Protein chains: 2
Amino acid sequence: MARKSSTPTMWEVAERAGVSQATVSLVLNNVGGSRVAEATKVRVLDAVEELGFRTNAFAKSLRSGKSGMIGFISDEVASAPFAGKLLKGSQLCAWEAGNVILSVDTFNEPELEAAAIDMMLSYRVQGVVYASMYHRVVDVPAALAGIPTVVVNAQDRAGLVSSVFPDEELGGYTATKHLIGAGHTRIGMINIQPPDSDLPAGIGRLAGYRRALSEAGIEQDPRLLRYGSGIVEDGFDLTRDLWNEGDRPTAIFAGNDRTAWGSYRALESLGLHAPDDCSIVGFDNQDTLAPYLDPGLTTVALPYEQMARRAVELLLAAETPTQNPIECSLVRRGSVASAKVPA
Amino acid sequence: MARKSSTPTMWEVAERAGVSQATVSLVLNNVGGSRVAEATKVRVLDAVEELGFRTNAFAKSLRSGKSGMIGFISDEVASAPFAGKLLKGSQLCAWEAGNVILSVDTFNEPELEAAAIDMMLSYRVQGVVYASMYHRVVDVPAALAGIPTVVVNAQDRAGLVSSVFPDEELGGYTATKHLIGAGHTRIGMINIQPPDSDLPAGIGRLAGYRRALSEAGIEQDPRLLRYGSGIVEDGFDLTRDLWNEGDRPTAIFAGNDRTAWGSYRALESLGLHAPDDCSIVGFDNQDTLAPYLDPGLTTVALPYEQMARRAVELLLAAETPTQNPIECSLVRRGSVASAKVPA
DNA sequence: CAGGTCGAGTTATACGAATAACCAAACTTA
DNA sequence: TAAGTTTGGTTATTCGTATAACTCGACCTG
């Protein structure tokens, strides 16, 4: 069957159904329920079907002033190994409200970012989700001043827009408390950044660790604390380092999963094995790693999807700026065992 | 300075510059170079600047008939741990041609896919990149029949649209030849799917392995071939299994990186270590894994970004359908050593 | 049966930008 | 100096849809 090359318009549908273009619009948008006779509706819908009509989103947006699009700007989220879930959550949530996502990864290039914002403004996005690959404090570009913006997996330095980010402190608290609950009292921590660093992840996780200990009445032994940089090798080195201290830990809270992996290896190198010789809890729930370690790593999950959903909700609600820490929950696998009762 | 709440239009710019709307359009689009006096141009551009004018993409597209958008439909790419690179490559390439990406992950839900296609047709995308999370044969939805489509990281069963996918066979050949080049002749292979499976990855990688061996005049010993399912555990079990054979391999080509990880562990469990006791080559270059193994895993990279770029190029060129295998190149790390010369 | 209401539409216009067609003055050129 | 050309714009129209405002006949209702 020969088809017109370009998509048909409402006028063509109207002609085929023997009505006016306005009627087609009324039928398709269900306005004024009883304004159109049932028989006419059917004729219109048949014509729509037969011609394969599909409304032109541009015309619709132009006329209505609503674009139905939400911008998603990220440094490297869409291509990052784990945080693509931010995009996933945003998309799902946006979709539910009838919106679509216009996403751009800027790779931290200012020109690309500027161009992306420009483009989004051209498309009259209803709001922008500004996502970071890792939890940090960001400066929202001034060019976004005109439109609703929510920062996700990050915190807005100026506090002018809402931020949605993981509750690192609570996560660290949860992890540590889990170990305490298993009977451990000598719990080492290997943090993922130096003491003078200002990244929220390391600061929060450590603070949570400390709170859990003090709430449980366990004295903090500085010899059990180490500072690495979040890489496997540091996990390895610092775990061995902890073993050289006089009074060894029976459990380790690793500041992230890669560090935890290093701890596994260090234990192996010492002829030991988790969780029998030492319990381990990680952080991040990196899904290409945590489930595959042996034993599976008990860790704290970063709530990417929930954060993204929350961000979109905030965007659509357009409230006044708020801070939104999102809970990080524990994922139990096999790396934690009860502390041995001292003989 | 008080700003109008909504974005200014060309009319407002025109008024401020003391010209007609048409002139503003002429200036901004640089048409009829000499048709507008230099002084007028400057006045217009100043007005644009002062008002913060930004062209309305909807009006522009409506008028021109060109949407400037490319659809990206994927099963789970945007949220997958590794293949987000497909999105990255598409975005970059589309961007260079002045297009933007409208991306939707369907999570393999047919209704979501249908809705996504519907939406994209509404937005009059100029073409659709149909991406798969893993290399397989797909059926392109009939609803896409009307618009240019390219399948990426997959092959179109019907062959009606262009396909861009990794050249698995060449990758397997490259991996194996690398081991042969290091002097190995007893090279085991642990494939990632059963012999009767029809996934291109396993079939191609094995075929490449075989070609490399036969080209080098090495006889294929069926005792060196194992079939797993691509998970760590299978790599572990089947490597140990290989070790129980009489004539052990000096190198293993693991069908993917996870399997290779299992091989590392199996060697360890046997008190052995790569590459001294056995060389290992993986496949996938999974970036959260391969660089962090000890020693770093020599593996074959999947060319996600190149595939995506190629797909977008094909889309924009709108040629007749073609098959486009893309080369997978070797990434050398530390898991391959020269074969010991038999004493 | 005049006047009002309701049902089922239609007509006209606006959204913002692109562009074809037109126009007035200034400048050539024979 | 009349006719033609160039310069530097302007006017009018179009893209496809939404919607306010209007119409027209049939149906009450007192």
# chains A, B, ... in the order shown; residues from 1 in each chain; ligands from 1
call {"tool": "closest_atom_pairs", "arguments": {"of": "chain C", "to": "chain B", "cutoff": "10 Å", "atoms": "only C-alpha atoms (C1' of nucleotides)", "output": "CSV"}}
result
residue,atom,partner,partner_atom,distance
C:DC15,C1',B:Ala59,CA,8.1
C:DG16,C1',B:Ala59,CA,5.0
C:DA17,C1',B:Lys60,CA,5.3
C:DA18,C1',B:Arg63,CA,6.4
C:DT19,C1',B:Ala22,CA,8.6
call {"tool": "write_last_selection", "arguments": {"atoms": "N, CA and C atoms (P, O5', C5', C4', C3', O3' and C1' of nucleotides)", "output": "mmCIF file, in the first residue's frame"}}
result
data_model
loop_
_atom_site.group_PDB
_atom_site.id
_atom_site.type_symbol
_atom_site.label_atom_id
_atom_site.label_comp_id
_atom_site.auth_asym_id
_atom_site.auth_seq_id
_atom_site.Cartn_x
_atom_site.Cartn_y
_atom_site.Cartn_z
ATOM 1 P P DC C 15 0.782 34.625 20.311
ATOM 2 O "O5'" DC C 15 1.721 33.381 20.628
ATOM 3 C "C5'" DC C 15 1.379 32.360 21.547
ATOM 4 C "C4'" DC C 15 2.139 31.115 21.185
ATOM 5 C "C3'" DC C 15 3.522 31.396 20.606
ATOM 6 O "O3'" DC C 15 4.499 31.274 21.642
ATOM 7 C "C1'" DC C 15 2.359 29.671 19.378
ATOM 8 P P DG C 16 5.564 32.471 21.818
ATOM 9 O "O5'" DG C 16 6.596 32.122 20.659
ATOM 10 C "C5'" DG C 16 7.403 30.974 20.811
ATOM 11 C "C4'" DG C 16 8.209 30.763 19.559
ATOM 12 C "C3'" DG C 16 9.057 31.965 19.142
ATOM 13 O "O3'" DG C 16 10.351 31.475 18.886
ATOM 14 C "C1'" DG C 16 7.768 31.214 17.320
ATOM 15 P P DA C 17 11.519 32.406 18.443
ATOM 16 O "O5'" DA C 17 11.716 31.923 16.943
ATOM 17 C "C5'" DA C 17 12.139 30.576 16.767
ATOM 18 C "C4'" DA C 17 11.993 30.166 15.327
ATOM 19 C "C3'" DA C 17 12.927 30.878 14.349
ATOM 20 O "O3'" DA C 17 13.612 29.872 13.633
ATOM 21 C "C1'" DA C 17 10.683 30.926 13.564
ATOM 22 P P DA C 18 14.743 30.203 12.612
ATOM 23 O "O5'" DA C 18 13.992 29.998 11.222
ATOM 24 C "C5'" DA C 18 13.596 28.687 10.860
ATOM 25 C "C4'" DA C 18 13.018 28.695 9.461
ATOM 26 C "C3'" DA C 18 13.932 29.276 8.382
ATOM 27 O "O3'" DA C 18 13.779 28.449 7.246
ATOM 28 C "C1'" DA C 18 11.900 30.484 8.435
ATOM 29 P P DT C 19 14.726 28.497 5.990
ATOM 30 O "O5'" DT C 19 13.863 29.343 4.964
ATOM 31 C "C5'" DT C 19 12.594 28.829 4.575
ATOM 32 C "C4'" DT C 19 11.867 29.860 3.737
ATOM 33 C "C3'" DT C 19 12.769 30.649 2.775
ATOM 34 O "O3'" DT C 19 12.065 30.812 1.564
ATOM 35 C "C1'" DT C 19 11.484 32.107 4.003
#
call {"tool": "interface_residues", "arguments": {"of": "chain D", "to": "chain A", "cutoff": "9 Å", "atoms": "only C-alpha atoms (C1' of nucleotides)", "output": "list in words"}}
result
DC15, DG16, DT17, DA18 and DT19 of chain D
call {"tool": "select_by_dssp", "arguments": {"residues": "region 160-202 of chain B", "states": "helix (DSSP H, G or I)", "output": "list in words"}}
result
Glu168, Glu169, Leu170, Gly171, Gly172, Tyr173, Thr174, Ala175, Thr176, Lys177, His178, Leu179, Ile180, Gly181, Pro200, Ala201 and Gly202 of chain B
call {"tool": "write_last_selection", "arguments": {"atoms": "N, CA and C atoms", "output": "mmCIF file, in the first residue's frame"}}
result
data_model
loop_
_atom_site.group_PDB
_atom_site.id
_atom_site.type_symbol
_atom_site.label_atom_id
_atom_site.label_comp_id
_atom_site.auth_asym_id
_atom_site.auth_seq_id
_atom_site.Cartn_x
_atom_site.Cartn_y
_atom_site.Cartn_z
ATOM 1 N N GLU B 168 33.545 -10.755 16.793
ATOM 2 C CA GLU B 168 33.918 -11.718 17.826
ATOM 3 C C GLU B 168 34.974 -12.684 17.306
ATOM 4 N N GLU B 169 34.792 -13.103 16.076
ATOM 5 C CA GLU B 169 35.715 -14.095 15.533
ATOM 6 C C GLU B 169 37.122 -13.521 15.495
ATOM 7 N N LEU B 170 37.228 -12.314 14.988
ATOM 8 C CA LEU B 170 38.545 -11.682 14.913
ATOM 9 C C LEU B 170 39.116 -11.472 16.316
ATOM 10 N N GLY B 171 38.235 -11.145 17.259
ATOM 11 C CA GLY B 171 38.683 -10.965 18.635
ATOM 12 C C GLY B 171 39.256 -12.256 19.205
ATOM 13 N N GLY B 172 38.551 -13.349 18.973
ATOM 14 C CA GLY B 172 39.018 -14.643 19.465
ATOM 15 C C GLY B 172 40.334 -15.019 18.799
ATOM 16 N N TYR B 173 40.421 -14.691 17.544
ATOM 17 C CA TYR B 173 41.641 -14.961 16.788
ATOM 18 C C TYR B 173 42.805 -14.154 17.367
ATOM 19 N N THR B 174 42.552 -12.888 17.603
ATOM 20 C CA THR B 174 43.583 -11.995 18.144
ATOM 21 C C THR B 174 44.082 -12.479 19.502
ATOM 22 N N ALA B 175 43.140 -12.841 20.350
ATOM 23 C CA ALA B 175 43.497 -13.311 21.691
ATOM 24 C C ALA B 175 44.392 -14.552 21.603
ATOM 25 N N THR B 176 43.939 -15.478 20.795
ATOM 26 C CA THR B 176 44.658 -16.750 20.699
ATOM 27 C C THR B 176 46.029 -16.557 20.056
ATOM 28 N N LYS B 177 46.048 -15.719 19.027
ATOM 29 C CA LYS B 177 47.310 -15.495 18.331
ATOM 30 C C LYS B 177 48.327 -14.826 19.254
ATOM 31 N N HIS B 178 47.815 -13.993 20.138
ATOM 32 C CA HIS B 178 48.709 -13.347 21.106
ATOM 33 C C HIS B 178 49.388 -14.402 21.971
ATOM 34 N N LEU B 179 48.624 -15.396 22.371
ATOM 35 C CA LEU B 179 49.191 -16.471 23.193
ATOM 36 C C LEU B 179 50.168 -17.311 22.377
ATOM 37 N N ILE B 180 49.791 -17.585 21.144
ATOM 38 C CA ILE B 180 50.680 -18.360 20.270
ATOM 39 C C ILE B 180 51.982 -17.583 20.059
ATOM 40 N N GLY B 181 51.814 -16.275 19.880
ATOM 41 C CA GLY B 181 52.988 -15.426 19.685
ATOM 42 C C GLY B 181 53.932 -15.459 20.887
ATOM 43 N N PRO B 200 26.139 -15.005 19.223
ATOM 44 C CA PRO B 200 27.300 -14.747 18.365
ATOM 45 C C PRO B 200 28.620 -14.691 19.140
ATOM 46 N N ALA B 201 28.574 -14.230 20.393
ATOM 47 C CA ALA B 201 29.813 -14.043 21.138
ATOM 48 C C ALA B 201 30.576 -15.356 21.273
ATOM 49 N N GLY B 202 29.940 -16.341 21.841
ATOM 50 C CA GLY B 202 30.609 -17.609 22.074
ATOM 51 C C GLY B 202 30.998 -18.300 20.780
#
call {"tool": "residues_around", "arguments": {"residues": "region 313-330 of chain B", "least_positions_apart": "2", "cutoff": "8 Å", "atoms": "only C-alpha atoms (C1' of nucleotides)", "output": "mmCIF file with N, CA and C atoms, in the first residue's frame"}}
result
data_model
loop_
_atom_site.group_PDB
_atom_site.id
_atom_site.type_symbol
_atom_site.label_atom_id
_atom_site.label_comp_id
_atom_site.auth_asym_id
_atom_site.auth_seq_id
_atom_site.Cartn_x
_atom_site.Cartn_y
_atom_site.Cartn_z
ATOM 1 N N CYS B 93 28.825 11.437 18.786
ATOM 2 C CA CYS B 93 28.773 11.486 17.330
ATOM 3 C C CYS B 93 27.567 12.303 16.859
ATOM 4 N N GLY B 127 16.142 9.364 13.146
ATOM 5 C CA GLY B 127 16.554 7.979 13.038
ATOM 6 C C GLY B 127 16.621 7.379 14.417
ATOM 7 N N VAL B 128 16.725 6.066 14.465
ATOM 8 C CA VAL B 128 16.764 5.394 15.758
ATOM 9 C C VAL B 128 17.950 4.431 15.824
ATOM 10 N N VAL B 129 18.705 4.556 16.909
ATOM 11 C CA VAL B 129 19.741 3.573 17.204
ATOM 12 C C VAL B 129 19.105 2.551 18.140
ATOM 13 N N PRO B 148 14.546 5.558 9.530
ATOM 14 C CA PRO B 148 15.873 4.951 9.472
ATOM 15 C C PRO B 148 16.263 4.370 10.825
ATOM 16 N N THR B 149 16.749 3.163 10.806
ATOM 17 C CA THR B 149 17.117 2.485 12.042
ATOM 18 C C THR B 149 18.441 1.759 11.839
ATOM 19 N N VAL B 150 19.254 1.786 12.873
ATOM 20 C CA VAL B 150 20.485 0.995 12.852
ATOM 21 C C VAL B 150 20.549 0.222 14.154
ATOM 22 N N GLY B 159 17.581 -8.527 8.489
ATOM 23 C CA GLY B 159 18.549 -7.892 7.598
ATOM 24 C C GLY B 159 18.008 -6.675 6.868
ATOM 25 N N LEU B 160 16.952 -6.103 7.387
ATOM 26 C CA LEU B 160 16.357 -4.949 6.715
ATOM 27 C C LEU B 160 17.042 -3.639 7.074
ATOM 28 N N VAL B 161 17.760 -3.654 8.181
ATOM 29 C CA VAL B 161 18.458 -2.434 8.595
ATOM 30 C C VAL B 161 19.936 -2.754 8.832
ATOM 31 N N SER B 162 20.744 -1.718 8.870
ATOM 32 C CA SER B 162 22.162 -1.929 9.100
ATOM 33 C C SER B 162 22.421 -2.408 10.521
ATOM 34 N N SER B 163 23.422 -3.242 10.662
ATOM 35 C CA SER B 163 23.813 -3.738 11.975
ATOM 36 C C SER B 163 25.280 -3.417 12.231
ATOM 37 N N VAL B 164 25.575 -3.042 13.459
ATOM 38 C CA VAL B 164 26.951 -2.786 13.866
ATOM 39 C C VAL B 164 27.222 -3.645 15.093
ATOM 40 N N PHE B 165 28.246 -4.466 15.037
ATOM 41 C CA PHE B 165 28.468 -5.417 16.133
ATOM 42 C C PHE B 165 29.946 -5.759 16.222
ATOM 43 N N PRO B 166 30.362 -6.315 17.356
ATOM 44 C CA PRO B 166 31.777 -6.643 17.519
ATOM 45 C C PRO B 166 32.165 -7.822 16.641
ATOM 46 N N ASP B 167 33.339 -7.766 16.103
ATOM 47 C CA ASP B 167 33.836 -8.882 15.312
ATOM 48 C C ASP B 167 34.412 -9.913 16.276
ATOM 49 N N GLU B 168 33.545 -10.755 16.793
ATOM 50 C CA GLU B 168 33.918 -11.718 17.826
ATOM 51 C C GLU B 168 34.974 -12.684 17.306
ATOM 52 N N LEU B 170 37.228 -12.314 14.988
ATOM 53 C CA LEU B 170 38.545 -11.682 14.913
ATOM 54 C C LEU B 170 39.116 -11.472 16.316
ATOM 55 N N GLY B 171 38.235 -11.145 17.259
ATOM 56 C CA GLY B 171 38.683 -10.965 18.635
ATOM 57 C C GLY B 171 39.256 -12.256 19.205
ATOM 58 N N THR B 174 42.552 -12.888 17.603
ATOM 59 C CA THR B 174 43.583 -11.995 18.144
ATOM 60 C C THR B 174 44.082 -12.479 19.502
ATOM 61 N N ALA B 175 43.140 -12.841 20.350
ATOM 62 C CA ALA B 175 43.497 -13.311 21.691
ATOM 63 C C ALA B 175 44.392 -14.552 21.603
ATOM 64 N N THR B 298 45.174 -9.274 30.701
ATOM 65 C CA THR B 298 45.271 -9.012 29.263
ATOM 66 C C THR B 298 43.995 -9.543 28.632
ATOM 67 N N THR B 299 43.344 -8.688 27.878
ATOM 68 C CA THR B 299 42.012 -9.069 27.400
ATOM 69 C C THR B 299 41.693 -8.374 26.082
ATOM 70 N N VAL B 300 40.558 -8.709 25.533
ATOM 71 C CA VAL B 300 40.147 -8.125 24.260
ATOM 72 C C VAL B 300 39.014 -7.146 24.527
ATOM 73 N N ALA B 301 39.153 -5.936 24.039
ATOM 74 C CA ALA B 301 38.171 -4.904 24.341
ATOM 75 C C ALA B 301 37.001 -4.934 23.375
ATOM 76 N N LEU B 302 35.817 -4.743 23.912
ATOM 77 C CA LEU B 302 34.641 -4.586 23.065
ATOM 78 C C LEU B 302 34.556 -3.117 22.666
ATOM 79 N N PRO B 303 34.446 -2.855 21.390
ATOM 80 C CA PRO B 303 34.548 -1.481 20.885
ATOM 81 C C PRO B 303 33.234 -0.719 20.958
ATOM 82 N N GLN B 306 33.224 2.944 19.437
ATOM 83 C CA GLN B 306 33.324 2.953 17.973
ATOM 84 C C GLN B 306 32.043 2.423 17.331
ATOM 85 N N MET B 307 31.500 1.375 17.913
ATOM 86 C CA MET B 307 30.267 0.824 17.343
ATOM 87 C C MET B 307 29.170 1.882 17.326
ATOM 88 N N ARG B 309 29.426 5.128 17.421
ATOM 89 C CA ARG B 309 29.712 6.205 16.466
ATOM 90 C C ARG B 309 29.374 5.744 15.058
ATOM 91 N N ARG B 310 29.800 4.546 14.764
ATOM 92 C CA ARG B 310 29.533 4.009 13.441
ATOM 93 C C ARG B 310 28.030 3.960 13.172
ATOM 94 N N ALA B 311 27.296 3.540 14.174
ATOM 95 C CA ALA B 311 25.852 3.422 14.017
ATOM 96 C C ALA B 311 25.229 4.775 13.680
ATOM 97 N N ARG B 332 46.819 -5.121 26.417
ATOM 98 C CA ARG B 332 47.866 -5.885 27.109
ATOM 99 C C ARG B 332 48.021 -5.421 28.532
#
call {"tool": "closest_atom_pairs", "arguments": {"of": "chain A", "to": "chain B", "cutoff": "8 Å", "atoms": "only C-alpha atoms", "output": "JSON lines"}}
result
{"residue": "A:Arg54", "atom": "CA", "partner": "B:Ser122", "partner_atom": "CA", "distance": 5.9}
{"residue": "A:Thr55", "atom": "CA", "partner": "B:Ser122", "partner_atom": "CA", "distance": 5.7}
{"residue": "A:Asn56", "atom": "CA", "partner": "B:Ser122", "partner_atom": "CA", "distance": 5.2}
{"residue": "A:Ala57", "atom": "CA", "partner": "B:Tyr123", "partner_atom": "CA", "distance": 5.2}
{"residue": "A:Phe58", "atom": "CA", "partner": "B:Phe58", "partner_atom": "CA", "distance": 4.9}
{"residue": "A:Ala59", "atom": "CA", "partner": "B:Leu62", "partner_atom": "CA", "distance": 6.1}
{"residue": "A:Ser61", "atom": "CA", "partner": "B:Phe58", "partner_atom": "CA", "distance": 6.8}
{"residue": "A:Leu62", "atom": "CA", "partner": "B:Phe58", "partner_atom": "CA", "distance": 5.8}
{"residue": "A:Ala78", "atom": "CA", "partner": "B:Gly84", "partner_atom": "CA", "distance": 5.8}
{"residue": "A:Ser79", "atom": "CA", "partner": "B:Gly84", "partner_atom": "CA", "distance": 4.3}
{"residue": "A:Ala80", "atom": "CA", "partner": "B:Gly84", "partner_atom": "CA", "distance": 6.8}
{"residue": "A:Pro81", "atom": "CA", "partner": "B:Pro81", "partner_atom": "CA", "distance": 4.6}
{"residue": "A:Phe82", "atom": "CA", "partner": "B:Pro81", "partner_atom": "CA", "distance": 5.3}
{"residue": "A:Ala83", "atom": "CA", "partner": "B:Ser79", "partner_atom": "CA", "distance": 7.5}
{"residue": "A:Gly84", "atom": "CA", "partner": "B:Ser79", "partner_atom": "CA", "distance": 4.4}
{"residue": "A:Lys85", "atom": "CA", "partner": "B:Ser79", "partner_atom": "CA", "distance": 4.9}
{"residue": "A:Leu86", "atom": "CA", "partner": "B:Ser79", "partner_atom": "CA", "distance": 7.9}
{"residue": "A:Leu87", "atom": "CA", "partner": "B:Ala78", "partner_atom": "CA", "distance": 7.0}
{"residue": "A:Lys88", "atom": "CA", "partner": "B:Ser79", "partner_atom": "CA", "distance": 5.8}
{"residue": "A:Gln91", "atom": "CA", "partner": "B:Val104", "partner_atom": "CA", "distance": 7.3}
{"residue": "A:Val100", "atom": "CA", "partner": "B:Leu102", "partner_atom": "CA", "distance": 7.8}
{"residue": "A:Ile101", "atom": "CA", "partner": "B:Leu102", "partner_atom": "CA", "distance": 6.7}
{"residue": "A:Leu102", "atom": "CA", "partner": "B:Leu102", "partner_atom": "CA", "distance": 5.5}
{"residue": "A:Ser103", "atom": "CA", "partner": "B:Ile101", "partner_atom": "CA", "distance": 6.9}
{"residue": "A:Val104", "atom": "CA", "partner": "B:Gln91", "partner_atom": "CA", "distance": 7.3}
{"residue": "A:Asp105", "atom": "CA", "partner": "B:Lys88", "partner_atom": "CA", "distance": 7.2}
{"residue": "A:Asp118", "atom": "CA", "partner": "B:Arg54", "partner_atom": "CA", "distance": 7.9}
{"residue": "A:Leu121", "atom": "CA", "partner": "B:Arg54", "partner_atom": "CA", "distance": 7.1}
{"residue": "A:Ser122", "atom": "CA", "partner": "B:Asn56", "partner_atom": "CA", "distance": 5.1}
{"residue": "A:Tyr123", "atom": "CA", "partner": "B:Ala57", "partner_atom": "CA", "distance": 5.2}
{"residue": "A:Arg124", "atom": "CA", "partner": "B:Asn56", "partner_atom": "CA", "distance": 7.3}
{"residue": "A:Val232", "atom": "CA", "partner": "B:Tyr292", "partner_atom": "CA", "distance": 7.0}
{"residue": "A:Asp287", "atom": "CA", "partner": "B:Pro81", "partner_atom": "CA", "distance": 7.6}
{"residue": "A:Thr288", "atom": "CA", "partner": "B:Thr288", "partner_atom": "CA", "distance": 7.1}
{"residue": "A:Leu289", "atom": "CA", "partner": "B:Leu289", "partner_atom": "CA", "distance": 7.7}
{"residue": "A:Tyr292", "atom": "CA", "partner": "B:Val232", "partner_atom": "CA", "distance": 7.0}
call {"tool": "residues_around", "arguments": {"residues": "DG8 (chain D)", "least_positions_apart": "6", "cutoff": "8 Å", "atoms": "only C-alpha atoms (C1' of nucleotides)", "output": "ChimeraX atom specification"}}
result
/B:35-37
call {"tool": "write_last_selection", "arguments": {"atoms": "N, CA and C atoms", "output": "tab-separated table (two decimals), in the first residue's frame"}}
result
chain	number	residue	atom	x	y	z
B	35	ARG	N	23.00	40.73	2.86
B	35	ARG	CA	21.66	41.32	2.82
B	35	ARG	C	21.40	42.21	4.03
B	36	VAL	N	22.18	42.03	5.03
B	36	VAL	CA	21.98	42.84	6.23
B	36	VAL	C	23.25	43.67	6.51
B	37	ALA	N	23.05	44.96	6.73
B	37	ALA	CA	24.20	45.83	6.99
B	37	ALA	C	24.89	45.44	8.29
call {"tool": "select_by_dssp", "arguments": {"residues": "region 37-111 of chain A", "states": "strand (DSSP E)", "output": "short mmCIF file (atom, residue, chain, number, x, y, z; two decimals) with C-alpha atoms, in the first residue's frame"}}
result
data_model
loop_
_atom_site.label_atom_id
_atom_site.label_comp_id
_atom_site.auth_asym_id
_atom_site.auth_seq_id
_atom_site.Cartn_x
_atom_site.Cartn_y
_atom_site.Cartn_z
CA MET A 69 11.09 17.23 28.36
CA ILE A 70 13.42 17.05 31.30
CA GLY A 71 17.11 17.64 30.90
CA PHE A 72 19.66 15.32 32.43
CA ILE A 73 23.15 16.76 32.58
CA SER A 74 25.93 14.66 34.00
CA VAL A 100 10.91 12.38 28.34
CA ILE A 101 14.57 12.74 29.16
CA LEU A 102 17.03 14.70 27.11
CA SER A 103 20.35 13.49 28.39
CA VAL A 104 23.83 14.80 27.84
CA ASP A 105 27.10 13.65 29.28
#
call {"tool": "residues_around", "arguments": {"residues": "region 193-196 of chain B", "least_positions_apart": "5", "cutoff": "8 Å", "atoms": "only C-alpha atoms (C1' of nucleotides)", "output": "ChimeraX atom specification"}}
result
/B:202,227-230
call {"tool": "write_last_selection", "arguments": {"atoms": "N, CA and C atoms", "output": "CSV table (one decimal), in the first residue's frame"}}
result
chain,number,residue,atom,x,y,z
B,202,GLY,N,29.9,-16.3,21.8
B,202,GLY,CA,30.6,-17.6,22.1
B,202,GLY,C,31.0,-18.3,20.8
B,227,TYR,N,33.1,-25.8,28.2
B,227,TYR,CA,32.0,-24.9,28.0
B,227,TYR,C,31.4,-24.5,29.3
B,228,GLY,N,31.4,-23.2,29.6
B,228,GLY,CA,30.8,-22.7,30.8
B,228,GLY,C,29.6,-21.8,30.4
B,229,SER,N,29.3,-20.9,31.4
B,229,SER,CA,28.2,-20.0,31.0
B,229,SER,C,28.6,-18.5,31.3
B,230,GLY,N,29.9,-18.3,31.3
B,230,GLY,CA,30.3,-16.9,31.5
B,230,GLY,C,30.3,-16.3,32.9
call {"tool": "residues_around", "arguments": {"residues": "Ile190 (chain B)", "least_positions_apart": "3", "cutoff": "8 Å", "atoms": "only C-alpha atoms (C1' of nucleotides)", "output": "mmCIF file with C-alpha atoms, in the first residue's frame"}}
result
data_model
loop_
_atom_site.group_PDB
_atom_site.id
_atom_site.type_symbol
_atom_site.label_atom_id
_atom_site.label_comp_id
_atom_site.auth_asym_id
_atom_site.auth_seq_id
_atom_site.Cartn_x
_atom_site.Cartn_y
_atom_site.Cartn_z
ATOM 1 C CA LEU B 225 38.062 -27.026 25.404
ATOM 2 C CA ARG B 226 35.425 -26.391 28.043
ATOM 3 C CA TYR B 227 31.959 -24.901 27.970
ATOM 4 C CA GLY B 228 30.753 -22.735 30.809
ATOM 5 C CA GLY B 235 35.799 -20.121 35.240
ATOM 6 C CA LEU B 238 36.479 -25.479 34.526
ATOM 7 C CA THR B 239 40.010 -24.261 35.067
ATOM 8 C CA ILE B 252 44.020 -20.238 28.837
ATOM 9 C CA PHE B 253 41.802 -18.140 26.643
ATOM 10 C CA ALA B 254 38.828 -17.327 28.818
ATOM 11 C CA GLY B 255 35.701 -16.442 26.874
ATOM 12 C CA THR B 259 35.490 -16.415 33.480
#
call {"tool": "residues_around", "arguments": {"residues": "DT10 (chain C)", "least_positions_apart": "2", "cutoff": "12 Å", "atoms": "only C-alpha atoms (C1' of nucleotides)", "output": "list in words"}}
result
Val19, Ser20, Gln21, Ala22, Thr23 and Val24 of chain A; DA8 and DA12 of chain C; DA21, DC22, DT23 and DC24 of chain D
call {"tool": "atom_distance", "arguments": {"atom1": "CA of Arg333 (chain A)", "atom2": "CA of Ala154 (chain A)"}}
result
28.1 Å
call {"tool": "atom_distance", "arguments": {"atom1": "CA of Ser263 (chain A)", "atom2": "CA of Val281 (chain B)"}}
result
25.2 Å
call {"tool": "closest_residue", "arguments": {"among": "B:Pro249, B:Gly217, B:Gly52, B:Gly271", "to": "Ile187 (chain B)", "atoms": "only C-alpha atoms"}}
result
B:Pro249
call {"tool": "decode", "arguments": {"residues": "region 47-52 of chain B", "atoms": "N, CA and C atoms", "output": "CSV table (one decimal), in the first residue's frame"}}
result
chain,number,residue,atom,x,y,z
B,47,ALA,N,21.0,43.0,21.0
B,47,ALA,CA,19.6,42.8,21.6
B,47,ALA,C,19.5,41.4,22.0
B,48,VAL,N,20.0,40.5,21.2
B,48,VAL,CA,19.9,39.0,21.5
B,48,VAL,C,20.6,38.8,22.9
B,49,GLU,N,21.8,39.4,23.0
B,49,GLU,CA,22.6,39.2,24.2
B,49,GLU,C,21.9,39.8,25.4
B,50,GLU,N,21.4,41.0,25.2
B,50,GLU,CA,20.8,41.7,26.4
B,50,GLU,C,19.5,41.0,26.9
B,51,LEU,N,18.8,40.5,25.9
B,51,LEU,CA,17.5,39.8,26.3
B,51,LEU,C,17.7,38.4,26.7
B,52,GLY,N,18.9,37.9,26.4
B,52,GLY,CA,19.1,36.5,26.7
B,52,GLY,C,18.2,35.6,25.8
